[in-house]
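Asker: Would you mind keeping the following structure in view while I ask a few things?
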Amino acid sequence: MSDDKRPGIPWIRPEIQQDVIWRDGDIVISVPAKSGTTWTMNIVHQLIMGGTPDFRGIYEEVPWIEFLESPTYTPADVHARLAAMPTHRPRAFKTHSAPPGVPFFGTGSGKDIKYLVIARNPEEALVSFKPFLDEHSDAWYELWGVPRAAMTRPDFPTFYNEMVAPNGMQGMFFGFLAAWWPLRNEPNVLFLHYADMKKDHEGSIRKIAKFLGIAPAADRWPAILEYTSFPWMKAHEEKFEAGSTAAVPPLNHGGMMRKGKLGAAREDGMTEEISAHLRAVGESICPDKDAVDWLYNGGTPARGE
């Protein structure tokens with residue numbers, strides 16, 4: 001079971017997913033916080049559409065099925081929005097949950113659902129999570145009645161010691177891994193690591209396309225690769241900030257996409273002491289050594305029995 005703790009974040013409601021009316025062909029993008037979620041959402045959207053810059057916001061195209069856009073928005077509103085999505089092409093959804101938080105339909109379930117599971121080195125993800133919370137707008141915190149001081153800290157060590165460690169937030173990454181790892185060999189699950197995607201942009205997108213059964217025409221690949229590149233997404237960041245679907249902008253402009261760098265955790269505040277503590281806690285949550293090694297380093301996940 002995923003040990004996914006997000007204390008004090010009332011706009012994330014994982015239980016909403018349990019009542020989704022699933023369609024054959026649905027695509028679930030399951031990724032922990034700050035681990036390549038928005039990038040993967042855009043990759044899937046660009047593959048489905050054949051490469052296009054003509055969309056207002058990625059959250060309109062790939063809904064987040066745990067997210068309430070205001071305190072008056074209800075789970076029923078989320079379900080109505082999902083039901084109204086076009087039927088002539090696959091739907092794709094974002095979630096930060098792993099099973100059973102997000103329902104999993106495997107072989108013999110009678111459902112044709114595909115799951116893209118992306119993970120990132122947890123040190124990199126955590127040091128990115130801290131400034132992401134900092135960049136939530138004052139208007140968003142006020143809308144939800146959440147004091148900014150409840151979610152932010154002045155530096156990363158303080159953030160880890162006062163927010164992550166006491167609340168067991170390491171489960172966002174290691175609990176996620178422990179839940180998905182036994183399902184990695186299922187034919188409708190594709191495991192990818194953020195580091196491998198960064199190292200081989202085109203190869204990773206072609207792998208995703210093959211997994212999803214999407215075969216863009218040869219002349220569409222240049223557009224797909226351009227519109228999924230970090231420079232293009234950074235230059236059009238307003239399309240990726242959820243501002244077009246929420247009652248007020250959740251983020252200050254520029255707060256969604258930071259650097260996208262690999263191996264930069266130390267320059268963003270990670271210390272040797274925190275690193276050791278994070279890994280020790282992580283290994284207690286997910287005792288499978290192969291799984292934890294993959295989470296930190298990427299590569300092809302061990303297949304197991």
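Letters A, B, ... go to the chains of the structure tokens in the order shown; residues in each chain start at 1; ligands are counted from 1 in the same order.
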Find the residues around Arg206 of chain A up to 10 Å (only C-alpha atoms counted), leave out those fewer than 4 positions away in its own chain, and share them as a PyMOL selection string.
Answerer: chain A and resi 47+201-202+210-212+214-216+221+225
Asker: May I have the selected residues written with C-alpha atoms, as a short mmCIF file (atom, residue, chain, number, x, y, z; two decimals), in the first residue's frame?
Answerer:
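This is the output file part.cif:
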```cif
data_model
loop_
_atom_site.label_atom_id
_atom_site.label_comp_id
_atom_site.auth_asym_id
_atom_site.auth_seq_id
_atom_site.Cartn_x
_atom_site.Cartn_y
_atom_site.Cartn_z
CA LEU A 47 1.42 11.81 -28.77
CA HIS A 201 14.35 12.28 -24.80
CA GLU A 202 13.38 10.85 -28.18
CA LYS A 210 4.81 2.03 -28.55
CA PHE A 211 3.46 1.12 -25.11
CA LEU A 212 0.33 3.21 -25.66
CA ILE A 214 0.11 5.28 -30.72
CA ALA A 215 1.90 5.51 -34.07
CA PRO A 216 2.28 9.15 -35.17
CA TRP A 221 7.72 13.46 -34.90
CA LEU A 225 9.85 16.30 -29.99
#
```
Asker: With a distance cut-off of 8 Å and only C-alpha atoms, select the neighbouring residues of Val102 of chain A, excluding the residue or stretch itself and same-chain residues fewer than 3 positions from it, and output the selection as a list in words.
Answerer: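 The filter keeps Pro14, Gln17, Gln18, Thr95, Ser97, Ala98 and Pro99 of chain A.
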Asker: Would you write out those residues with N, CA and C atoms, as a tab-separated table (two decimals), in the first residue's frame?
Answerer:
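Written output follows (part39.tsv):
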```
chain	number	residue	atom	x	y	z
A	14	PRO	N	-7.22	12.07	-2.74
A	14	PRO	CA	-7.02	10.82	-3.47
A	14	PRO	C	-8.26	9.94	-3.57
A	17	GLN	N	-10.58	9.23	-6.81
A	17	GLN	CA	-10.26	8.28	-7.88
A	17	GLN	C	-11.06	6.98	-7.79
A	18	GLN	N	-11.51	6.65	-6.59
A	18	GLN	CA	-12.19	5.38	-6.41
A	18	GLN	C	-13.53	5.33	-7.14
A	95	THR	N	-2.14	11.40	-11.69
A	95	THR	CA	-2.31	11.10	-10.28
A	95	THR	C	-0.94	11.01	-9.62
A	97	SER	N	-0.92	9.19	-6.88
A	97	SER	CA	-1.18	7.99	-6.08
A	97	SER	C	-0.66	6.74	-6.77
A	98	ALA	N	-0.39	5.73	-5.96
A	98	ALA	CA	-0.13	4.37	-6.41
A	98	ALA	C	-1.28	3.50	-5.93
A	99	PRO	N	-1.41	2.29	-6.46
A	99	PRO	CA	-2.46	1.40	-5.95
A	99	PRO	C	-2.29	1.15	-4.44
```
Asker: Please report, as a list in words, each residue of segment 86-264 of chain A to which DSSP assigns strand (DSSP E) when run on this structure's backbone.
Answerer: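 Those in segment 86-264 of chain A that DSSP calls strand (DSSP E) are Ala92, Phe93, Lys94, Thr95, Lys114, Tyr115, Leu116, Val117, Ile118, Ala119, Val189, Leu190, Phe191, Leu192 and His193 of chain A.
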Asker: Ranking A:Gly50, A:Glu142, A:Pro75, A:Thr228 by minimum distance to Gly36 of chain A and counting only C-alpha atoms, which one comes first?
Answerer: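 The closest residue to Gly36 of chain A is A:Thr228.
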Asker: Which is closer to Ser229 of chain A than all the others in A:Asp288, A:Trp39, A:Trp22, A:Ala149, using only C-alpha atoms?
Answerer: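 With only C-alpha atoms as the atom set, the closest residue is A:Trp39.
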Asker: Which is closer to Trp144 of chain A than all the others in A:Pro63, A:Gly110, A:Pro122, A:Pro250, using only C-alpha atoms?
Answerer: A:Pro250
Asker: Which is closest to Ala179 of chain A among A:Ile285, A:Glu241, A:Lys130, A:Arg266, if we use only C-alpha atoms?
Answerer: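 Ranking A:Ile285, A:Glu241, A:Lys130, A:Arg266 by distance to Ala179 of chain A, first place goes to A:Ile285.
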Asker: What's around Asp268 of chain A at 9 Å? Count only C-alpha atoms, leave out sequence neighbours fewer than 4 positions away in its own chain, and write the answer as a CSV table (one decimal) with C-alpha atoms, in the first residue's frame.
Answerer:
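Everything below was put into result.csv:
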```
chain,number,residue,atom,x,y,z
A,124,GLU,CA,16.2,15.5,-6.3
A,127,VAL,CA,14.7,19.5,-3.0
A,128,SER,CA,12.4,20.5,-5.9
A,156,PHE,CA,15.7,22.9,2.8
A,264,ALA,CA,21.7,18.8,-8.5
```
Asker: Identify which of the residues A:Met49, A:Val117, A:Ala223, A:Pro131 lies closest to Thr37 of chain A, counting only C-alpha atoms when measuring atom-to-atom distances.
Answerer: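 Looking at the shortest contact to Thr37 of chain A, the residue is A:Val117.
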Asker: Would you mind listing what lies within 12 Å of Glu283 of chain A as number ranges by chain, with only C-alpha atoms counted and same-chain residues fewer than 3 positions away left out?
Answerer: A: 170-171, 173-175, 177-178, 276-280, 286-293, 295-296
Asker: Next, write the just-selected residues to a file, as a tab-separated table (two decimals), in the first residue's frame, keeping N, CA and C atoms as the atom set.
Answerer:
```tsv
chain	number	residue	atom	x	y	z
A	170	GLN	N	8.34	10.95	3.44
A	170	GLN	CA	9.16	10.10	2.58
A	170	GLN	C	8.31	9.05	1.87
A	171	GLY	N	7.14	8.76	2.44
A	171	GLY	CA	6.23	7.80	1.82
A	171	GLY	C	5.73	8.23	0.47
A	173	PHE	N	7.42	8.96	-1.92
A	173	PHE	CA	8.31	8.36	-2.91
A	173	PHE	C	8.50	6.86	-2.67
A	174	PHE	N	8.83	6.50	-1.43
A	174	PHE	CA	9.13	5.09	-1.16
A	174	PHE	C	7.87	4.25	-1.02
A	175	GLY	N	6.80	4.81	-0.46
A	175	GLY	CA	5.54	4.08	-0.41
A	175	GLY	C	4.97	3.90	-1.81
A	177	LEU	N	6.75	3.65	-4.51
A	177	LEU	CA	7.57	2.60	-5.12
A	177	LEU	C	7.17	1.22	-4.63
A	178	ALA	N	6.97	1.08	-3.33
A	178	ALA	CA	6.63	-0.23	-2.76
A	178	ALA	C	5.31	-0.75	-3.32
A	276	ALA	N	21.32	10.47	4.26
A	276	ALA	CA	21.40	9.18	4.96
A	276	ALA	C	20.08	8.87	5.66
A	277	HIS	N	19.49	9.88	6.28
A	277	HIS	CA	18.22	9.67	6.98
A	277	HIS	C	17.12	9.30	5.99
A	278	LEU	N	17.06	10.02	4.88
A	278	LEU	CA	16.04	9.76	3.86
A	278	LEU	C	16.14	8.32	3.36
A	279	ARG	N	17.34	7.87	3.08
A	279	ARG	CA	17.50	6.52	2.54
A	279	ARG	C	17.15	5.47	3.59
A	280	ALA	N	17.55	5.71	4.83
A	280	ALA	CA	17.24	4.74	5.89
A	280	ALA	C	15.74	4.60	6.08
A	286	CYS	N	10.24	0.61	1.98
A	286	CYS	CA	10.35	-0.30	0.83
A	286	CYS	C	11.63	-1.12	0.99
A	287	PRO	N	11.54	-2.29	1.60
A	287	PRO	CA	12.75	-3.08	1.92
A	287	PRO	C	13.41	-3.75	0.72
A	288	ASP	N	12.78	-3.72	-0.45
A	288	ASP	CA	13.36	-4.37	-1.63
A	288	ASP	C	14.55	-3.57	-2.13
A	289	LYS	N	15.76	-4.13	-2.02
A	289	LYS	CA	16.97	-3.41	-2.39
A	289	LYS	C	16.98	-3.04	-3.87
A	290	ASP	N	16.55	-3.97	-4.72
A	290	ASP	CA	16.54	-3.67	-6.15
A	290	ASP	C	15.63	-2.48	-6.46
A	291	ALA	N	14.50	-2.43	-5.78
A	291	ALA	CA	13.56	-1.33	-6.01
A	291	ALA	C	14.18	0.00	-5.60
A	292	VAL	N	14.78	0.05	-4.42
A	292	VAL	CA	15.37	1.30	-3.93
A	292	VAL	C	16.54	1.71	-4.80
A	293	ASP	N	17.37	0.76	-5.19
A	293	ASP	CA	18.49	1.10	-6.09
A	293	ASP	C	17.97	1.70	-7.39
A	295	LEU	N	15.14	3.31	-7.82
A	295	LEU	CA	14.60	4.63	-7.53
A	295	LEU	C	15.70	5.69	-7.54
A	296	TYR	N	16.84	5.35	-7.00
A	296	TYR	CA	17.94	6.31	-6.93
A	296	TYR	C	18.69	6.45	-8.25
```
Asker: Which residues are near Ile118 of chain A? Cut-off 10 Å, only C-alpha atoms, ignore same chain within fewer than 6 positions. Put them as a list in words.
Answerer: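 Once the adjacent positions are removed, what remains is Ile29, Ser30, Val31, Pro32, Ser35, Gly36, Thr37, Thr40, Leu177, Leu190, Phe191, Leu192, His193, Tyr194, Ala195, Met197 and Leu295 of chain A.
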